[in-house]
Amino acid sequence: MRTVFTVVGASGTGKTRVAAALIRSLVRRGYRVAAIKHAPHGHGMDREGSDTDRLFDAGASAVMATSPGGASARYRQPAFERPLEDVIAWWEPDCDVVIAEGFKQSRVPKVLVEGGDTVSARISNVVARVDGHGAPAEEVPVFTFEQMDELCDLIERMMSTSLPD
C-alpha cells in the first residue's frame with residue numbers, strides 16, 4: 001500500500017526545500033519515494049536547479065511534473081491537469097510513498113509551509129506545519145526548516161499506522 005503526503009504553501013515559502021528534505025530522509029530510511037510537482041503555470045523538466053531537478057537529486061526514484069499543458073516524468077530506473085489522486089492512479093509509480101508538492105485541494109494529508117500569502121483556513125487535512133520560527137500551534141505539530149528529520153519521524157509514524165495488518 002502506498003502512502004501519499006503533499007507539501008503546500010504559497011510560492012516562495014520553501015515547499016520544494018521541505019519536499020526534498022523529506023525525500024532525502026525517507027530514502028535514507030530505506031523507502032522508495034516518488035515525487036509529483038504541481039506546476040499550474042507550466043513546467044519544464046531536466047533544467048538544472050529546477051524544482052523537479054531538486055526533487056530528483058534528493059533521491060526520488062521517479063519525479064512527475066503536471067501542468068495544464070501536459071505532464072512530464074523522469075525516472076531513476078526503467079498528462080494532464082488532474083487532481084492528485086487521479087495523477088497517482090494514472091502514473092502508478094513503483095514506490096512506498098509519494099511526496100507531492102502543491103495540490104492544495106486534494107484530500108491527502110498535507111504539510112503546510114507557512115509564509116507569504118498562504119491562507120491556511122482554506123487548506124484541509126493539514127497534519128503538520130513548517131515555518132522559519134517553529135511557532136507553536138495547538139492544532140498540529142510545527143517544525144522549523146532545520147527539523148526535517150523530526151518531520152520525517154512524524155510522517156513515518158503516520159505511514160506505519162495507515163498500513164494494513
# chains A, B, ... in the order shown; residues from 1 in each chain; ligands from 1
>>> residues_around(residues="region 96-102 of chain A", least_positions_apart="6", cutoff="6 Å", atoms="only C-alpha atoms", output="list in words")
Arg2, Thr3, Val4, Phe5, Thr6, Val7, Val8, Arg32, Val33, Ala34, Ala35, Ile36, Lys37 and His38 of chain A
>>> write_last_selection(atoms="C-alpha atoms", output="JSON list (two decimals), in the first residue's frame")
[["chain", "number", "residue", "atom", "x", "y", "z"],
["A", 2, "ARG", "CA", 1.35, 3.42, -0.97],
["A", 3, "THR", "CA", 1.15, 6.46, 1.32],
["A", 4, "VAL", "CA", 0.74, 9.96, -0.12],
["A", 5, "PHE", "CA", 1.55, 13.31, 1.50],
["A", 6, "THR", "CA", 1.65, 16.72, -0.14],
["A", 7, "VAL", "CA", 3.59, 19.85, 0.82],
["A", 8, "VAL", "CA", 1.57, 23.02, 0.29],
["A", 32, "ARG", "CA", 11.31, 4.08, -2.30],
["A", 33, "VAL", "CA", 9.94, 7.59, -2.85],
["A", 34, "ALA", "CA", 8.28, 9.16, -5.88],
["A", 35, "ALA", "CA", 7.65, 12.91, -6.21],
["A", 36, "ILE", "CA", 4.98, 14.89, -8.04],
["A", 37, "LYS", "CA", 5.27, 18.64, -8.67],
["A", 38, "HIS", "CA", 2.13, 20.61, -9.49]]
>>> residues_around(residues="Ala21 (chain A)", least_positions_apart="6", cutoff="9 Å", atoms="only C-alpha atoms", output="PyMOL selection string")
chain A and resi 55+58+145+148-149+152
>>> write_last_selection(atoms="N, CA and C atoms", output="CSV table (one decimal), in the first residue's frame")
chain,number,residue,atom,x,y,z
A,55,LEU,N,14.1,17.7,-6.6
A,55,LEU,CA,13.4,16.6,-6.0
A,55,LEU,C,14.1,15.3,-6.5
A,58,ALA,N,17.3,14.8,-4.8
A,58,ALA,CA,17.1,14.4,-3.4
A,58,ALA,C,17.0,12.9,-3.2
A,145,PHE,N,12.6,24.7,9.5
A,145,PHE,CA,13.3,24.1,8.3
A,145,PHE,C,14.5,23.2,8.7
A,148,MET,N,13.7,18.8,9.7
A,148,MET,CA,13.1,17.9,8.7
A,148,MET,C,13.2,16.5,9.0
A,149,ASP,N,14.2,16.0,9.8
A,149,ASP,CA,14.2,14.6,10.2
A,149,ASP,C,13.1,14.4,11.2
A,152,CYS,N,10.0,14.1,9.3
A,152,CYS,CA,10.0,12.7,8.7
A,152,CYS,C,9.6,11.7,9.7
>>> select_by_dssp(residues="region 31-115 of chain A", states="alpha helix (DSSP H)", output="list of chain:residue names")
A:Asp51, A:Thr52, A:Asp53, A:Arg54, A:Leu55, A:Phe56, A:Asp57, A:Leu84, A:Glu85, A:Asp86, A:Val87, A:Ile88, A:Ala89, A:Trp90, A:Trp91
>>> write_last_selection(atoms="N, CA and C atoms", output="short mmCIF file (atom, residue, chain, number, x, y, z; two decimals), in the first residue's frame")
data_model
loop_
_atom_site.label_atom_id
_atom_site.label_comp_id
_atom_site.auth_asym_id
_atom_site.auth_seq_id
_atom_site.Cartn_x
_atom_site.Cartn_y
_atom_site.Cartn_z
N ASP A 51 12.77 22.92 -9.68
CA ASP A 51 12.17 22.19 -8.56
C ASP A 51 12.18 20.68 -8.81
N THR A 52 11.83 20.25 -10.03
CA THR A 52 11.81 18.82 -10.33
C THR A 52 13.23 18.24 -10.28
N ASP A 53 14.21 19.00 -10.70
CA ASP A 53 15.61 18.55 -10.64
C ASP A 53 16.03 18.40 -9.18
N ARG A 54 15.63 19.33 -8.33
CA ARG A 54 15.97 19.26 -6.90
C ARG A 54 15.32 18.04 -6.24
N LEU A 55 14.08 17.73 -6.61
CA LEU A 55 13.39 16.56 -6.04
C LEU A 55 14.06 15.26 -6.50
N PHE A 56 14.46 15.22 -7.77
CA PHE A 56 15.16 14.03 -8.30
C PHE A 56 16.52 13.88 -7.63
N ASP A 57 17.25 14.99 -7.50
CA ASP A 57 18.57 14.95 -6.85
C ASP A 57 18.47 14.55 -5.38
N LEU A 84 -4.70 15.22 -7.61
CA LEU A 84 -3.56 14.40 -7.21
C LEU A 84 -3.91 12.91 -7.26
N GLU A 85 -5.06 12.54 -6.74
CA GLU A 85 -5.45 11.14 -6.70
C GLU A 85 -5.53 10.54 -8.12
N ASP A 86 -6.01 11.32 -9.10
CA ASP A 86 -6.08 10.84 -10.49
C ASP A 86 -4.69 10.67 -11.09
N VAL A 87 -3.78 11.62 -10.79
CA VAL A 87 -2.41 11.53 -11.31
C VAL A 87 -1.72 10.27 -10.80
N ILE A 88 -1.88 9.98 -9.51
CA ILE A 88 -1.24 8.79 -8.93
C ILE A 88 -1.82 7.53 -9.54
N ALA A 89 -3.15 7.47 -9.70
CA ALA A 89 -3.78 6.28 -10.29
C ALA A 89 -3.31 6.08 -11.73
N TRP A 90 -3.13 7.15 -12.49
CA TRP A 90 -2.68 7.05 -13.88
C TRP A 90 -1.22 6.65 -13.96
N TRP A 91 -0.40 7.22 -13.08
CA TRP A 91 1.04 7.03 -13.14
C TRP A 91 1.47 5.69 -12.58
#
>>> closest_residue(among="A:Ser11, A:Ser25, A:Thr16, A:Ser72", to="Leu151 (chain A)", atoms="only C-alpha atoms")
A:Ser25
>>> atom_distance(atom1="CA of Leu26 (chain A)", atom2="CA of Leu154 (chain A)")
11.4 Å
